[in-house]
Amino acid sequence: MSASQSAVRSRAEAVKVSRTFDWLILFTLFFVVLGGYHIHYMLTGGDWDFWTDWKDRRLWVTVAPIVSITFPAAVQACLWWRYRLPFGAVVCVLGLLLGEWINRYLNFWGWTYFPVNFCFPSNLVPGAILLDVVLLMSNSFVATAVVGGLTYGLIFYPGNWPIIAPLHVPVEYNGMMMTIADLQGYHYVRTGTPEYIRMVEKGTLRTFGKDVAPVSAFFSGFVSILIYFLWHFFGKWFASTKFVESV
Amino acid sequence: MKIIKDKVAKLSFVALLITITAAMFYTPTASAHGEKSKAAFMRMRTIHWFDLNWSKEEVAVNDTMTISGKFFVFSGWPETVDKPEISFLNIGIPGPVFIRAGSWIGGQLVPRSVSLELGETYEFKVLLKARRPGDWHVHTMLNVKGGGPIIGPGKWVTVTGSMSDFRNPVTTLTGETVDLESYNLSNVYFWHAFWYGLGLLWVVYWARKPMFVPRSIAVEAGKADTLISPVDKKVAMAFGAGVIAIVAISMGQSNEQYPVTTPLQAGLLRGIKSIEMPATSIAVKVEDATYRVPGRAMQMTLTITNNGDSPIRLGEFNTAGVRFLDSAVAQDETGYPDDLLAEEGLTVSDNSALAPGQTRTVQVTASDAAWEVYRLADLIYDPDSRFAGLLFFYDAAGNRQLITIDAPLIPTFI
């Protein structure tokens, strides 16, 4: 076989090779993103995602979407721009969640015995699906950033509420009131995480009474728009082939 | 010759692999908490723990034990460490092998951070409920914002039984009793599995069609718009609407199921009550202090004045949790950890009773391997070479007076 001849001998064989190639790329993409996104999210979201007594209505709602819209924006930019594939955000979030669950189950529970109901990850799937849907429907990165980014921030808290609501039921404990989540944090000793580093319920957002979660979610959505733009450009730059072309 | 060389190389490689593999299987238990690595001045000049008591040395799963005692917030707090204005009474254990069922300072429950005052003494108690079997080193501990964890003395406690028997029941204000070990777990698994499944469905919808190579060719050929069909758009709209509907419905259902919820509780507890220590009638002046490196001994020249009305003797020097006793004056009856107790480690040049009104200058030597074992000798490498500690004086009736000392320390190497 000369160098100019094709490696495949029929259309069926070409399709088969192409599909094999598809799965190889998807598999690799999934695990590369899993690794990078997981490290990024643990470094930036960290304790807010680790512990139920950090999952509050102000800072968790604000921080988690802002720091987690990064990789979805970048991967969307690459997959949509190069392949018109609208699953970049969901692939990222599924990778992240798989990594997180492996970490929480094997390390947090299996190694150090923190109950899983205290250290489960945040649910990011609803926002990711909507981000992909907005990109597909609009075919516009600006619209995805503005509408998708805002939606991504807004949907985060309600998307997690069914999971965390039972942990916000109040308890009277030795003469003090706390939520079940607070009590988990108090009971399950974290030597390296003293109470004062817990960044919850801080800030000056006091004029909205008890309804601060929607305000925090809106703020998170606005910042998510900006972060989406920024990371979308990272993704475009990363997906560029001009470095390869010059070789 | 080449064959022999090749064989040697192969065997060496196999030996290397075996060594690496064997090393992987060597996993000794890590049971310390870095208490010996903490800078000596941090342990000597911040929090002085005393009158400590571990209520049990062996405890069954689900049973409780307490650690109680007092701590003095040292007046000569080092400049390099933030003052304990935001602190947290913690417990030094390897993860949740016990649960912290309660912790109190001055009778106040302290699940949150507290503000402590320099120069004050506080009484504390930590109630622990055994969870995981094993031998655990249980330390007192105070975290200080800007200072890090300040770990106190630790004692080995054995937990017996099986972790599967552990229960952690809590009754909520809505009247429901739940076990914190498993509460809400099935709900967490259900929602995560549900959303993960929906996400997978979205990916599978696209992955069942050709993905990378044909689509890339089409995009390069300017036919990108043909890659998204009207059916694809309908499916996407269904997903989008479905997600919003599921989130709205599930949130509504949660609110119906849990009508009473409160925000997380946080805040700083101020006004923690310190204990009134008895007025002291003894004055101590540190004339000089040296640490003799080869002898693992600290020597102080003290001028002691007894302004009280009964004769007194020096019984104990306590620094960084290490207790140096003059056994003729004071003995430990609390089961204090052996490695932190130098029962005959305190020598006083003249420790006869000091009569009221008298002043005496004495040479006091605190010597024990603990200086080395607990790396207190590393004090000589600190940026501010000072030492501090508590002196306990006793009268004939056993009444005790506590004096704090704080002075420069000069090392001697010969």
# chains A, B, ... in the order shown; residues from 1 in each chain; ligands from 1
$ closest_atom_pairs --of "chain B" --to "chain A" --cutoff "7 Å" --atoms "only C-alpha atoms" --output "CSV"
residue,atom,partner,partner_atom,distance
B:Phe88,CA,A:Pro194,CA,6.1
B:Asn90,CA,A:Thr191,CA,6.8
B:Ile91,CA,A:Thr191,CA,6.6
B:Gly92,CA,A:Thr191,CA,5.9
B:Ile93,CA,A:Thr191,CA,6.9
B:Gly95,CA,A:Thr112,CA,5.9
B:Pro96,CA,A:Val189,CA,5.0
B:Ile99,CA,A:His187,CA,4.8
B:Arg100,CA,A:His187,CA,4.6
B:Ala101,CA,A:His187,CA,6.0
B:Pro111,CA,A:Tyr186,CA,6.3
B:Arg112,CA,A:Glu195,CA,5.9
B:Ser113,CA,A:Tyr196,CA,5.7
B:Asn143,CA,A:Pro194,CA,6.4
B:Thr171,CA,A:Val171,CA,6.8
B:Thr172,CA,A:Val171,CA,4.4
B:Leu173,CA,A:Val171,CA,5.1
B:Glu181,CA,A:Pro115,CA,6.1
B:Ser182,CA,A:Asn117,CA,6.7
B:Tyr183,CA,A:Asn117,CA,6.9
B:Asn184,CA,A:Asn117,CA,6.4
B:Leu185,CA,A:Asn117,CA,5.1
B:Asn187,CA,A:Ile163,CA,6.4
B:Val188,CA,A:Ile163,CA,5.6
B:Trp191,CA,A:Ile163,CA,6.8
B:His192,CA,A:Asn123,CA,6.8
B:Trp195,CA,A:Val125,CA,6.1
B:Tyr196,CA,A:Leu94,CA,6.8
B:Gly199,CA,A:Val90,CA,6.1
B:Val203,CA,A:Phe87,CA,6.0
B:Pro210,CA,A:Arg19,CA,6.5
B:Met211,CA,A:Asp22,CA,5.8
B:Phe212,CA,A:Asp22,CA,5.7
B:Val213,CA,A:Ser18,CA,6.5
B:Arg215,CA,A:Tyr83,CA,5.1
B:Ser216,CA,A:Tyr83,CA,5.0
B:Val219,CA,A:Tyr83,CA,6.4
B:Ala224,CA,A:Arg84,CA,6.5
B:Leu227,CA,A:Arg84,CA,6.8
B:Lys233,CA,A:Met137,CA,6.6
B:Ala236,CA,A:Val133,CA,5.5
B:Gly240,CA,A:Leu130,CA,5.6
B:Val243,CA,A:Pro126,CA,6.1
B:Val247,CA,A:Gly159,CA,5.5
B:Ser250,CA,A:Pro162,CA,6.2
B:Met251,CA,A:Pro162,CA,5.7
B:Ser254,CA,A:Pro162,CA,5.3
B:Tyr258,CA,A:Pro166,CA,6.6
B:Val260,CA,A:Val169,CA,6.2
B:Thr261,CA,A:Val169,CA,4.5
B:Thr262,CA,A:His168,CA,5.6
B:Pro263,CA,A:His168,CA,6.6
B:Leu264,CA,A:Thr179,CA,6.0
B:Gln265,CA,A:Met178,CA,5.7
B:Ala266,CA,A:Glu201,CA,6.9
$ select_by_dssp --residues "stretch 114-236 of chain A" --states "helix (DSSP H, G or I)" --output "ChimeraX atom specification"
/A:116-119,125-138,141-168,180-187,195-197,212-236
$ closest_residue --among "A:Phe50, A:Phe31, A:Tyr152, A:Phe234" --to "A:Tyr105" --atoms "only C-alpha atoms"
A:Phe50
$ closest_residue --among "B:Arg400, B:Pro259, B:Thr361, B:Ala330" --to "B:Thr174" --atoms "only C-alpha atoms"
B:Pro259
$ closest_residue --among "B:Thr121, B:Pro149, B:Asp368, B:Asp179" --to "B:Gln299" --atoms "only C-alpha atoms"
B:Asp368
$ select_by_dssp --residues "stretch 203-388 of chain B" --states "strand (DSSP E)" --output "NGL selection string"
:B and (268-269 or 282-292 or 297-306 or 312-319 or 322-325 or 341-342 or 346-348 or 359-367 or 386-388)
$ residues_around --residues "B:Ala377" --least-positions-apart "6" --cutoff "10 Å" --atoms "only C-alpha atoms" --output "ChimeraX atom specification"
/B:40,291-293,296-298,370-371,411
$ residues_around --residues "B:Pro169" --least-positions-apart "6" --cutoff "8 Å" --atoms "only C-alpha atoms" --output "tab-separated table (two decimals) with all heavy atoms, in the first residue's frame"
chain	number	residue	atom	x	y	z
B	177	THR	N	-37.60	12.29	64.46
B	177	THR	CA	-36.30	11.80	64.92
B	177	THR	C	-35.59	11.12	63.76
B	177	THR	O	-36.15	10.22	63.13
B	177	THR	CB	-36.46	10.84	66.11
B	177	THR	OG1	-37.09	11.55	67.17
B	177	THR	CG2	-35.10	10.33	66.59
B	178	VAL	N	-34.38	11.58	63.47
B	178	VAL	CA	-33.65	11.05	62.31
B	178	VAL	C	-32.26	10.60	62.76
B	178	VAL	O	-31.76	11.05	63.80
B	178	VAL	CB	-33.50	12.13	61.21
B	178	VAL	CG1	-34.85	12.60	60.73
B	178	VAL	CG2	-32.68	13.33	61.70
B	179	ASP	N	-31.67	9.70	61.98
B	179	ASP	CA	-30.30	9.25	62.27
B	179	ASP	C	-29.36	9.99	61.31
B	179	ASP	O	-29.42	9.78	60.09
B	179	ASP	CB	-30.21	7.73	62.05
B	179	ASP	CG	-28.84	7.19	62.41
B	179	ASP	OD1	-27.95	7.99	62.77
B	179	ASP	OD2	-28.65	5.96	62.32
B	180	LEU	N	-28.50	10.83	61.86
B	180	LEU	CA	-27.63	11.66	61.00
B	180	LEU	C	-26.68	10.82	60.15
B	180	LEU	O	-26.14	11.33	59.18
B	180	LEU	CB	-26.81	12.64	61.85
B	180	LEU	CG	-27.49	13.91	62.35
B	180	LEU	CD1	-26.46	14.90	62.83
B	180	LEU	CD2	-28.36	14.54	61.29
$ residues_around --residues "A:Val63" --least-positions-apart "6" --cutoff "9 Å" --atoms "only C-alpha atoms" --output "PyMOL selection string"
chain A and resi 44-45+48+220
$ write_last_selection --atoms "all heavy atoms" --output "PDB file, in the first residue's frame"
ATOM      1  N   THR A  44     -11.348  26.149  43.403  1.00  0.00           N
ATOM      2  CA  THR A  44     -12.095  27.412  43.456  1.00  0.00           C
ATOM      3  C   THR A  44     -13.410  27.292  44.221  1.00  0.00           C
ATOM      4  O   THR A  44     -13.799  28.211  44.931  1.00  0.00           O
ATOM      5  CB  THR A  44     -12.388  27.913  42.025  1.00  0.00           C
ATOM      6  OG1 THR A  44     -12.977  26.840  41.281  1.00  0.00           O
ATOM      7  CG2 THR A  44     -11.134  28.378  41.322  1.00  0.00           C
ATOM      8  N   GLY A  45     -14.085  26.163  44.083  1.00  0.00           N
ATOM      9  CA  GLY A  45     -15.355  25.966  44.809  1.00  0.00           C
ATOM     10  C   GLY A  45     -15.137  25.260  46.137  1.00  0.00           C
ATOM     11  O   GLY A  45     -15.841  25.524  47.114  1.00  0.00           O
ATOM     12  N   TRP A  48     -17.216  24.805  49.636  1.00  0.00           N
ATOM     13  CA  TRP A  48     -18.634  25.053  49.349  1.00  0.00           C
ATOM     14  C   TRP A  48     -19.280  23.809  48.733  1.00  0.00           C
ATOM     15  O   TRP A  48     -20.462  23.594  48.867  1.00  0.00           O
ATOM     16  CB  TRP A  48     -18.796  26.241  48.399  1.00  0.00           C
ATOM     17  CG  TRP A  48     -18.791  27.555  49.104  1.00  0.00           C
ATOM     18  CD1 TRP A  48     -19.744  28.003  49.973  1.00  0.00           C
ATOM     19  CD2 TRP A  48     -17.813  28.578  49.015  1.00  0.00           C
ATOM     20  NE1 TRP A  48     -19.392  29.254  50.432  1.00  0.00           N
ATOM     21  CE2 TRP A  48     -18.215  29.635  49.845  1.00  0.00           C
ATOM     22  CE3 TRP A  48     -16.627  28.706  48.304  1.00  0.00           C
ATOM     23  CZ2 TRP A  48     -17.499  30.803  49.999  1.00  0.00           C
ATOM     24  CZ3 TRP A  48     -15.898  29.876  48.454  1.00  0.00           C
ATOM     25  CH2 TRP A  48     -16.336  30.909  49.291  1.00  0.00           C
ATOM     26  N   SER A 220     -25.099  35.890  40.838  1.00  0.00           N
ATOM     27  CA  SER A 220     -24.270  34.802  40.321  1.00  0.00           C
ATOM     28  C   SER A 220     -24.443  34.669  38.805  1.00  0.00           C
ATOM     29  O   SER A 220     -23.472  34.476  38.063  1.00  0.00           O
ATOM     30  CB  SER A 220     -24.677  33.508  41.014  1.00  0.00           C
ATOM     31  OG  SER A 220     -23.930  32.453  40.525  1.00  0.00           O
TER      32      SER A 220
END
$ atom_distance --atom1 "atom CA of B:Lys285" --atom2 "atom CA of B:Glu344"
23.4 Å
$ residues_around --residues "B:Ala320" --least-positions-apart "2" --cutoff "7 Å" --atoms "only C-alpha atoms" --output "list in words"
Arg43, Met44, His48, Asn318 and Val322 of chain B
